[in-house]
file run_1.cif (mmCIF, C-alpha atoms)
data_structure
#
loop_
_atom_site.group_PDB
_atom_site.id
_atom_site.type_symbol
_atom_site.label_atom_id
_atom_site.label_comp_id
_atom_site.auth_asym_id
_atom_site.auth_seq_id
_atom_site.Cartn_x
_atom_site.Cartn_y
_atom_site.Cartn_z
ATOM 1 C CA MET G 8 0.000 0.000 0.000
ATOM 2 C CA LYS G 9 2.869 2.328 0.805
ATOM 3 C CA TYR G 10 4.275 1.871 -2.722
ATOM 4 C CA LEU G 11 0.966 2.882 -4.286
ATOM 5 C CA TYR G 12 1.035 6.049 -2.220
ATOM 6 C CA ILE G 13 4.568 6.841 -3.425
ATOM 7 C CA ILE G 14 3.668 6.200 -7.054
ATOM 8 C CA GLY G 15 0.561 8.363 -6.696
ATOM 9 C CA VAL G 16 2.511 11.269 -5.201
ATOM 10 C CA LEU G 17 5.134 11.051 -7.939
ATOM 11 C CA LEU G 18 2.517 10.919 -10.710
ATOM 12 C CA ILE G 19 0.705 13.950 -9.275
ATOM 13 C CA PHE G 20 4.025 15.795 -8.926
ATOM 14 C CA ILE G 21 5.057 15.035 -12.512
ATOM 15 C CA GLY G 22 1.550 15.687 -13.868
ATOM 16 C CA LEU G 23 1.310 19.131 -12.278
ATOM 17 C CA TYR G 24 4.718 20.074 -13.582
ATOM 18 C CA LEU G 25 3.888 18.829 -17.084
ATOM 19 C CA PHE G 26 0.606 20.733 -17.043
ATOM 20 C CA VAL G 27 2.315 24.015 -16.160
ATOM 21 C CA LYS G 28 5.245 23.442 -18.520
ATOM 22 C CA ILE G 29 3.186 22.364 -21.545
ATOM 23 C CA LYS G 30 0.711 25.199 -21.002
ATOM 24 C CA SER G 31 3.573 27.700 -21.143
ATOM 25 C CA ILE G 32 5.097 25.947 -24.180
ATOM 26 C CA LYS G 33 1.802 26.044 -26.095
ATOM 27 C CA LYS G 34 2.100 29.815 -26.105
ATOM 28 C CA ASP G 35 5.445 29.491 -27.938
ATOM 29 C CA LYS G 36 4.198 26.593 -30.126
ATOM 30 C CA SER G 37 7.655 25.103 -30.361
ATOM 31 C CA LEU G 38 7.868 21.322 -30.787
ATOM 32 C CA ILE G 39 11.575 21.340 -29.909
ATOM 33 C CA ASP G 40 10.763 22.838 -26.497
ATOM 34 C CA VAL G 41 8.196 20.094 -25.836
ATOM 35 C CA LYS G 42 10.716 17.355 -26.704
ATOM 36 C CA THR G 43 13.378 19.010 -24.544
ATOM 37 C CA SER G 44 10.966 19.342 -21.635
ATOM 38 C CA ILE G 45 9.926 15.702 -21.833
ATOM 39 C CA ARG G 46 13.600 14.674 -22.036
ATOM 40 C CA ASN G 47 14.471 16.823 -19.015
ATOM 41 C CA ILE G 48 11.518 15.548 -16.994
ATOM 42 C CA SER G 49 12.444 11.934 -17.785
ATOM 43 C CA ILE G 50 16.116 12.358 -16.900
ATOM 44 C CA SER G 51 15.415 14.284 -13.711
ATOM 45 C CA ALA G 52 12.749 11.756 -12.607
ATOM 46 C CA VAL G 53 15.196 8.856 -13.010
ATOM 47 C CA LEU G 54 17.910 10.761 -11.149
ATOM 48 C CA MET G 55 15.407 11.746 -8.448
ATOM 49 C CA ALA G 56 14.494 8.083 -7.917
ATOM 50 C CA LEU G 57 18.175 7.134 -7.829
ATOM 51 C CA ALA G 58 18.848 9.826 -5.212
ATOM 52 C CA ALA G 59 16.023 8.527 -3.024
ATOM 53 C CA ILE G 60 17.351 4.962 -3.319
ATOM 54 C CA LEU G 61 20.894 6.065 -2.457
ATOM 55 C CA LYS G 62 19.576 7.927 0.580
ATOM 56 C CA VAL G 63 17.593 4.906 1.772
ATOM 57 C CA TYR G 64 20.551 2.555 1.298
ATOM 58 C CA SER G 65 23.256 4.678 2.885
ATOM 59 C CA ILE G 66 26.002 3.652 5.300
ATOM 60 C CA MET G 67 24.820 4.319 8.852
ATOM 61 C CA ILE G 68 27.496 5.521 11.291
ATOM 62 C CA THR G 69 25.205 6.308 14.230
ATOM 63 C CA ASP G 70 21.431 6.468 14.607
ATOM 64 C CA GLN G 71 21.406 10.018 13.271
ATOM 65 C CA MET G 72 24.523 9.893 11.038
ATOM 66 C CA ARG G 73 25.102 8.325 7.637
ATOM 67 C CA ILE G 74 27.379 8.487 4.633
ATOM 68 C CA SER G 75 25.409 8.713 1.421
ATOM 69 C CA LEU G 76 26.009 9.702 -2.173
ATOM 70 C CA PHE G 77 22.408 10.825 -2.694
ATOM 71 C CA ALA G 78 23.668 14.295 -3.644
ATOM 72 C CA LEU G 79 25.364 12.975 -6.781
ATOM 73 C CA PRO G 80 22.160 12.256 -8.794
ATOM 74 C CA LEU G 81 20.720 15.612 -7.688
ATOM 75 C CA ILE G 82 23.800 17.461 -8.922
ATOM 76 C CA LEU G 83 23.623 15.493 -12.170
ATOM 77 C CA ALA G 84 19.920 16.368 -12.571
ATOM 78 C CA GLY G 85 20.732 20.065 -12.323
ATOM 79 C CA LEU G 86 23.835 19.700 -14.492
ATOM 80 C CA THR G 87 21.943 17.858 -17.217
ATOM 81 C CA CYS G 88 18.545 19.559 -17.149
ATOM 82 C CA GLY G 89 18.964 22.939 -15.430
ATOM 83 C CA ILE G 90 18.313 24.619 -12.104
ATOM 84 C CA GLU G 91 14.529 24.143 -11.966
ATOM 85 C CA TYR G 92 14.764 20.422 -12.719
ATOM 86 C CA GLY G 93 17.580 19.969 -10.206
ATOM 87 C CA ILE G 94 15.565 21.673 -7.479
ATOM 88 C CA LEU G 95 12.458 19.615 -8.320
ATOM 89 C CA ALA G 96 14.546 16.421 -8.276
ATOM 90 C CA GLY G 97 15.861 17.384 -4.826
ATOM 91 C CA LEU G 98 12.342 18.040 -3.559
ATOM 92 C CA GLY G 99 10.980 14.801 -4.990
ATOM 93 C CA ALA G 100 13.903 12.699 -3.737
ATOM 94 C CA ASP G 101 13.520 13.983 -0.196
ATOM 95 C CA LEU G 102 9.743 13.466 -0.217
ATOM 96 C CA VAL G 103 10.132 9.897 -1.486
ATOM 97 C CA TYR G 104 12.858 9.224 1.088
ATOM 98 C CA SER G 105 10.678 10.560 3.910
ATOM 99 C CA MET G 106 8.071 7.912 3.046
ATOM 100 C CA PHE G 107 10.618 5.133 3.608
ATOM 101 C CA SER G 108 12.474 6.698 6.521
ATOM 102 C CA ALA G 109 11.971 5.758 10.147
ATOM 103 C CA PHE G 110 12.689 9.392 11.044
ATOM 104 C CA PRO G 111 9.961 12.054 10.936
ATOM 105 C CA PHE G 112 9.803 14.430 7.975
ATOM 106 C CA ASN G 113 11.885 17.560 8.513
ATOM 107 C CA ILE G 114 11.680 20.533 6.155
ATOM 108 C CA ALA G 115 15.269 21.530 6.996
ATOM 109 C CA TYR G 116 16.567 18.331 5.411
ATOM 110 C CA THR G 117 14.458 19.056 2.338
ATOM 111 C CA PHE G 118 16.189 22.418 1.928
ATOM 112 C CA SER G 119 19.519 20.596 2.072
ATOM 113 C CA ALA G 120 18.434 18.405 -0.846
ATOM 114 C CA LEU G 121 17.253 21.456 -2.811
ATOM 115 C CA PHE G 122 20.712 23.016 -2.572
ATOM 116 C CA TRP G 123 22.279 20.022 -4.339
ATOM 117 C CA GLY G 124 19.969 20.340 -7.333
ATOM 118 C CA PHE G 125 20.539 24.092 -7.383
ATOM 119 C CA LEU G 126 24.321 23.544 -7.404
ATOM 120 C CA GLY G 127 24.046 21.252 -10.422
ATOM 121 C CA GLY G 128 22.001 23.898 -12.203
ATOM 122 C CA LEU G 129 24.690 26.479 -11.500
ATOM 123 C CA PHE G 130 27.249 24.083 -12.959
ATOM 124 C CA LYS G 131 25.102 23.803 -16.102
ATOM 125 C CA LEU G 132 25.332 27.573 -16.591
ATOM 126 C CA LYS G 133 29.085 27.133 -17.069
ATOM 127 C CA LYS G 134 28.416 24.508 -19.788
ATOM 128 C CA ASP G 135 31.686 23.343 -21.339
ATOM 129 C CA ASN G 136 33.840 25.732 -19.318
ATOM 130 C CA LEU G 137 33.291 23.995 -15.972
ATOM 131 C CA LYS G 138 36.663 23.566 -14.263
ATOM 132 C CA TRP G 139 37.502 20.973 -11.621
ATOM 133 C CA TYR G 140 38.267 23.601 -8.960
ATOM 134 C CA GLU G 141 34.851 25.226 -9.499
ATOM 135 C CA ILE G 142 33.268 21.839 -8.816
ATOM 136 C CA VAL G 143 35.321 21.443 -5.623
ATOM 137 C CA ILE G 144 34.453 24.955 -4.387
ATOM 138 C CA GLY G 145 30.745 24.471 -5.142
ATOM 139 C CA ILE G 146 30.641 21.134 -3.356
ATOM 140 C CA ILE G 147 32.478 22.525 -0.314
ATOM 141 C CA VAL G 148 30.064 25.464 -0.061
ATOM 142 C CA VAL G 149 26.939 23.305 -0.371
ATOM 143 C CA LEU G 150 28.329 20.654 2.003
ATOM 144 C CA LEU G 151 28.958 23.350 4.626
ATOM 145 C CA ILE G 152 25.478 24.838 4.121
ATOM 146 C CA GLU G 153 23.904 21.373 4.313
ATOM 147 C CA THR G 154 25.920 20.415 7.392
ATOM 148 C CA HIS G 155 25.018 23.561 9.290
ATOM 149 C CA ILE G 156 21.322 23.374 8.361
ATOM 150 C CA ASN G 157 21.274 19.756 9.562
ATOM 151 C CA LEU G 158 23.183 20.599 12.758
ATOM 152 C CA LEU G 159 20.739 23.400 13.543
ATOM 153 C CA SER G 160 17.851 21.029 12.944
ATOM 154 C CA ASN G 161 19.482 18.387 15.162
ATOM 155 C CA LEU G 162 20.003 21.013 17.869
ATOM 156 C CA ILE G 163 16.274 21.742 17.837
ATOM 157 C CA LEU G 164 15.255 18.060 17.707
ATOM 158 C CA TYR G 165 17.829 16.342 19.946
ATOM 159 C CA GLY G 166 19.420 19.028 22.110
ATOM 160 C CA LYS G 167 22.939 20.356 22.570
ATOM 161 C CA GLY G 168 24.644 17.169 23.816
ATOM 162 C CA THR G 169 23.671 14.975 20.894
ATOM 163 C CA THR G 170 24.374 17.752 18.397
ATOM 164 C CA LEU G 171 27.912 18.269 19.720
ATOM 165 C CA VAL G 172 28.636 14.553 19.310
ATOM 166 C CA LEU G 173 27.107 14.542 15.812
ATOM 167 C CA MET G 174 29.105 17.624 14.839
ATOM 168 C CA PHE G 175 32.364 15.672 14.946
ATOM 169 C CA TYR G 176 30.943 12.883 12.770
ATOM 170 C CA LYS G 177 29.378 15.335 10.317
ATOM 171 C CA TYR G 178 32.676 17.120 9.721
ATOM 172 C CA VAL G 179 34.435 13.784 9.204
ATOM 173 C CA VAL G 180 31.770 12.879 6.629
ATOM 174 C CA VAL G 181 32.257 16.274 4.946
ATOM 175 C CA LEU G 182 35.986 15.616 4.636
ATOM 176 C CA ILE G 183 35.259 12.229 3.066
ATOM 177 C CA LYS G 184 32.569 13.516 0.695
ATOM 178 C CA ILE G 185 34.495 16.496 -0.720
ATOM 179 C CA PRO G 186 37.007 14.510 -2.801
ATOM 180 C CA VAL G 187 34.579 11.683 -3.618
ATOM 181 C CA LEU G 188 31.734 13.906 -4.856
ATOM 182 C CA SER G 189 34.117 16.299 -6.608
ATOM 183 C CA PHE G 190 35.802 13.530 -8.550
ATOM 184 C CA LEU G 191 32.530 11.797 -9.466
ATOM 185 C CA VAL G 192 30.882 15.020 -10.674
ATOM 186 C CA TRP G 193 33.966 16.017 -12.682
ATOM 187 C CA PHE G 194 34.339 12.531 -14.187
ATOM 188 C CA LEU G 195 30.661 12.141 -15.088
ATOM 189 C CA ASN G 196 30.523 15.666 -16.505
ATOM 190 C CA GLU G 197 33.520 15.025 -18.749
ATOM 191 C CA ARG G 198 32.513 11.518 -19.857
ATOM 192 C CA VAL G 199 28.695 11.512 -19.858
ATOM 193 C CA ILE G 200 26.917 14.829 -19.260
ATOM 194 C CA LYS G 201 28.627 16.763 -22.057
ATOM 195 C CA LYS G 202 27.569 14.037 -24.510
ATOM 196 C CA VAL G 203 23.993 13.912 -23.160
ATOM 197 C CA ASN G 204 23.647 17.690 -23.413
ATOM 198 C CA LYS G 205 24.642 17.567 -27.089
ATOM 199 C CA LEU G 206 21.694 15.243 -27.894
#
call {"tool": "encode", "arguments": {"input": "run_1.cif", "output": "structure tokens"}}
result
Amino acid sequence: MKYLYIIGVLLIFIGLYLFVKIKSIKKDKSLIDVKTSIRNISISAVLMALAAILKVYSIMITDQMRISLFALPLILAGLTCGIEYGILAGLGADLVYSMFSAFPFNIAYTFSALFWGFLGGLFKLKKDNLKWYEIVIGIIVVLLIETHINLLSNLILYGKGTTLVLMFYKYVVVLIKIPVLSFLVWFLNERVIKKVNKL
């Protein structure tokens, strides 16, 4: 029953977006825009689902701490399809994850996911001129924003003692994720995304 609920939410989410997007495209009457929109929606939906799966199946360090690469598909959604699709993929991935999670839904964590899609969209603006150090700087900035949003949320939910313990683990995870995410985004951009964007 839970899976039907998830599928229903996703179909409503995609349907509303298609309705708004196609209605705006009909004004332009451009068939190329319709094909591009359908392509972008399809790619971002697949990457959104992959992000939710990676978040569900992450490596748990403590009850409130995990190492996950769920940000990678969200960055790729923004990098491939643009800022709006990256943000929507982040929103959808976090909503789908919250249906599977044992933890209660928290809007602060949703904002963290939105930042990853936004970052990918900013990378897309650079197109073929995206340098490796720009990827590293962007990932560091978003990781620090995400970490501090999550720490503030944990402070509100669990109190100061638990948050201080989690702070150490979160910074260790940040140090691990910076080179891993940076390399994966750079590699996939050079080998895959540039070719996909030319289609």
call {"tool": "closest_residue", "arguments": {"input": "run_1.cif", "among": "G:Met67, G:Leu164, G:Ala96, G:Leu79", "to": "G:Val53", "atoms": "all atoms listed in the file"}}
result
G:Ala96
call {"tool": "resolve_selection", "arguments": {"input": "run_1.cif", "expression": "the PyMOL selection byres ((chain G and resi 187) around 12)", "output": "list of chain:residue names"}}
result
G:Ile74, G:Ser75, G:Leu76, G:Ala78, G:Leu79, G:Ile142, G:Val143, G:Ile146, G:Ile147, G:Val180, G:Val181, G:Leu182, G:Ile183, G:Lys184, G:Ile185, G:Pro186, G:Leu188, G:Ser189, G:Phe190, G:Leu191, G:Val192, G:Trp193, G:Phe194
call {"tool": "atom_distance", "arguments": {"input": "run_1.cif", "atom1": "atom CA of G:Leu57", "atom2": "atom CA of G:Gly97"}}
result
10.9 Å
call {"tool": "resolve_selection", "arguments": {"input": "run_1.cif", "expression": "the PyMOL selection byres ((chain G and resi 128) around 6)", "output": "compact mmCIF listing (two decimals) with C-alpha atoms, in the coordinates of the input"}}
result
# COMPACT_ATOMS: atom_id res chain seq x y z
CA GLY G 85 20.73 20.07 -12.32
CA LEU G 86 23.84 19.70 -14.49
CA GLY G 89 18.96 22.94 -15.43
CA ILE G 90 18.31 24.62 -12.10
CA PHE G 125 20.54 24.09 -7.38
CA LEU G 126 24.32 23.54 -7.40
CA GLY G 127 24.05 21.25 -10.42
CA LEU G 129 24.69 26.48 -11.50
CA PHE G 130 27.25 24.08 -12.96
CA LYS G 131 25.10 23.80 -16.10
call {"tool": "resolve_selection", "arguments": {"input": "run_1.cif", "expression": "the PyMOL selection byres ((chain G and resi 105-115) around 8)", "output": "short mmCIF file (atom, residue, chain, number, x, y, z; two decimals) with C-alpha atoms, in the frame of the given file"}}
result
data_model
loop_
_atom_site.label_atom_id
_atom_site.label_comp_id
_atom_site.auth_asym_id
_atom_site.auth_seq_id
_atom_site.Cartn_x
_atom_site.Cartn_y
_atom_site.Cartn_z
CA LYS G 9 2.87 2.33 0.80
CA ILE G 13 4.57 6.84 -3.42
CA VAL G 63 17.59 4.91 1.77
CA ASP G 101 13.52 13.98 -0.20
CA LEU G 102 9.74 13.47 -0.22
CA VAL G 103 10.13 9.90 -1.49
CA TYR G 104 12.86 9.22 1.09
CA TYR G 116 16.57 18.33 5.41
CA THR G 117 14.46 19.06 2.34
CA PHE G 118 16.19 22.42 1.93
CA SER G 119 19.52 20.60 2.07
CA ILE G 156 21.32 23.37 8.36
CA ASN G 157 21.27 19.76 9.56
CA SER G 160 17.85 21.03 12.94
#
call {"tool": "residues_near_point", "arguments": {"input": "run_1.cif", "point": "(22.0, 11.3, 19.8)", "cutoff": "12 Å", "atoms": "all atoms listed in the file", "output": "PyMOL selection string"}}
result
chain G and resi 68-72+158+161-162+164-174+176
call {"tool": "atom_distance", "arguments": {"input": "run_1.cif", "atom1": "atom CA of G:Glu197", "atom2": "atom CA of G:Lys138"}}
result
10.1 Å
call {"tool": "residues_around", "arguments": {"input": "run_1.cif", "residues": "stretch 44-51 of chain G", "least_positions_apart": "6", "cutoff": "7 Å", "atoms": "all atoms listed in the file", "output": "ChimeraX atom specification"}}
result
/G:84,88,92,96
call {"tool": "atom_distance", "arguments": {"input": "run_1.cif", "atom1": "atom CA of G:Phe122", "atom2": "atom CA of G:Ile94"}}
result
7.2 Å
call {"tool": "closest_residue", "arguments": {"input": "run_1.cif", "among": "G:Leu137, G:Ala120, G:Tyr64, G:Lys42", "to": "G:Ile200", "atoms": "all atoms listed in the file"}}
result
G:Leu137
call {"tool": "axis_aligned_box", "arguments": {"input": "run_1.cif", "around": "stretch 102-112 of chain G", "padding_each_side": "3 Å", "output": "AutoDock Vina command-line options"}}
result
--center_x 10.5 --center_y 9.8 --center_z 4.8 --size_x 10.8 --size_y 15.3 --size_z 18.5
call {"tool": "closest_residue", "arguments": {"input": "run_1.cif", "among": "G:Ala100, G:Ile66, G:Leu54, G:Leu151", "to": "G:Lys177", "atoms": "all atoms listed in the file"}}
result
G:Leu151
call {"tool": "build_atoms", "arguments": {"input": "run_1.cif", "residues": "stretch 97-128 of chain G", "atoms": "N, CA and C atoms", "output": "CSV table (one decimal), in the frame of the given file"}}
result
chain,number,residue,atom,x,y,z
G,97,GLY,N,15.5,17.4,-6.3
G,97,GLY,CA,15.9,17.4,-4.8
G,97,GLY,C,14.6,17.3,-3.9
G,98,LEU,N,13.6,18.1,-4.3
G,98,LEU,CA,12.3,18.0,-3.6
G,98,LEU,C,11.7,16.7,-3.6
G,99,GLY,N,11.6,16.1,-4.8
G,99,GLY,CA,11.0,14.8,-5.0
G,99,GLY,C,11.8,13.7,-4.3
G,100,ALA,N,13.1,13.7,-4.4
G,100,ALA,CA,13.9,12.7,-3.7
G,100,ALA,C,13.7,12.7,-2.2
G,101,ASP,N,13.7,13.9,-1.6
G,101,ASP,CA,13.5,14.0,-0.2
G,101,ASP,C,12.1,13.6,0.2
G,102,LEU,N,11.1,13.9,-0.6
G,102,LEU,CA,9.7,13.5,-0.2
G,102,LEU,C,9.6,11.9,-0.3
G,103,VAL,N,10.2,11.4,-1.4
G,103,VAL,CA,10.1,9.9,-1.5
G,103,VAL,C,10.9,9.2,-0.3
G,104,TYR,N,12.1,9.8,0.0
G,104,TYR,CA,12.9,9.2,1.1
G,104,TYR,C,12.1,9.3,2.4
G,105,SER,N,11.4,10.4,2.6
G,105,SER,CA,10.7,10.6,3.9
G,105,SER,C,9.6,9.5,4.1
G,106,MET,N,9.1,9.0,3.0
G,106,MET,CA,8.1,7.9,3.0
G,106,MET,C,8.7,6.6,3.5
G,107,PHE,N,9.9,6.4,3.2
G,107,PHE,CA,10.6,5.1,3.6
G,107,PHE,C,11.3,5.3,4.9
G,108,SER,N,11.6,6.5,5.4
G,108,SER,CA,12.5,6.7,6.5
G,108,SER,C,11.7,6.4,7.8
G,109,ALA,N,12.5,6.0,8.8
G,109,ALA,CA,12.0,5.8,10.1
G,109,ALA,C,11.9,7.1,10.9
G,110,PHE,N,12.6,8.1,10.4
G,110,PHE,CA,12.7,9.4,11.0
G,110,PHE,C,11.5,10.2,10.6
G,111,PRO,N,11.1,11.2,11.4
G,111,PRO,CA,10.0,12.1,10.9
G,111,PRO,C,10.4,13.0,9.9
G,112,PHE,N,9.5,13.5,9.0
G,112,PHE,CA,9.8,14.4,8.0
G,112,PHE,C,10.3,15.7,8.6
G,113,ASN,N,11.3,16.3,8.0
G,113,ASN,CA,11.9,17.6,8.5
G,113,ASN,C,12.2,18.5,7.3
G,114,ILE,N,11.6,19.6,7.3
G,114,ILE,CA,11.7,20.5,6.2
G,114,ILE,C,13.1,21.0,6.0
G,115,ALA,N,13.9,21.1,7.1
G,115,ALA,CA,15.3,21.5,7.0
G,115,ALA,C,16.1,20.6,6.1
G,116,TYR,N,15.8,19.3,6.2
G,116,TYR,CA,16.6,18.3,5.4
G,116,TYR,C,16.2,18.5,3.9
G,117,THR,N,14.9,18.8,3.7
G,117,THR,CA,14.5,19.1,2.3
G,117,THR,C,15.2,20.2,1.7
G,118,PHE,N,15.4,21.3,2.5
G,118,PHE,CA,16.2,22.4,1.9
G,118,PHE,C,17.6,22.0,1.6
G,119,SER,N,18.2,21.1,2.4
G,119,SER,CA,19.5,20.6,2.1
G,119,SER,C,19.5,19.9,0.7
G,120,ALA,N,18.5,19.1,0.4
G,120,ALA,CA,18.4,18.4,-0.8
G,120,ALA,C,18.2,19.4,-2.0
G,121,LEU,N,17.5,20.5,-1.8
G,121,LEU,CA,17.3,21.5,-2.8
G,121,LEU,C,18.6,22.1,-3.2
G,122,PHE,N,19.4,22.4,-2.3
G,122,PHE,CA,20.7,23.0,-2.6
G,122,PHE,C,21.6,22.2,-3.5
G,123,TRP,N,21.5,20.9,-3.4
G,123,TRP,CA,22.3,20.0,-4.3
G,123,TRP,C,21.8,20.2,-5.8
G,124,GLY,N,20.5,20.2,-6.0
G,124,GLY,CA,20.0,20.3,-7.3
G,124,GLY,C,20.3,21.7,-7.9
G,125,PHE,N,20.2,22.7,-7.0
G,125,PHE,CA,20.5,24.1,-7.4
G,125,PHE,C,22.0,24.2,-7.8
G,126,LEU,N,22.9,23.5,-7.1
G,126,LEU,CA,24.3,23.5,-7.4
G,126,LEU,C,24.6,23.0,-8.8
G,127,GLY,N,23.9,21.8,-9.1
G,127,GLY,CA,24.0,21.3,-10.4
G,127,GLY,C,23.6,22.2,-11.5
G,128,GLY,N,22.5,22.9,-11.2
G,128,GLY,CA,22.0,23.9,-12.2
G,128,GLY,C,23.0,25.0,-12.4
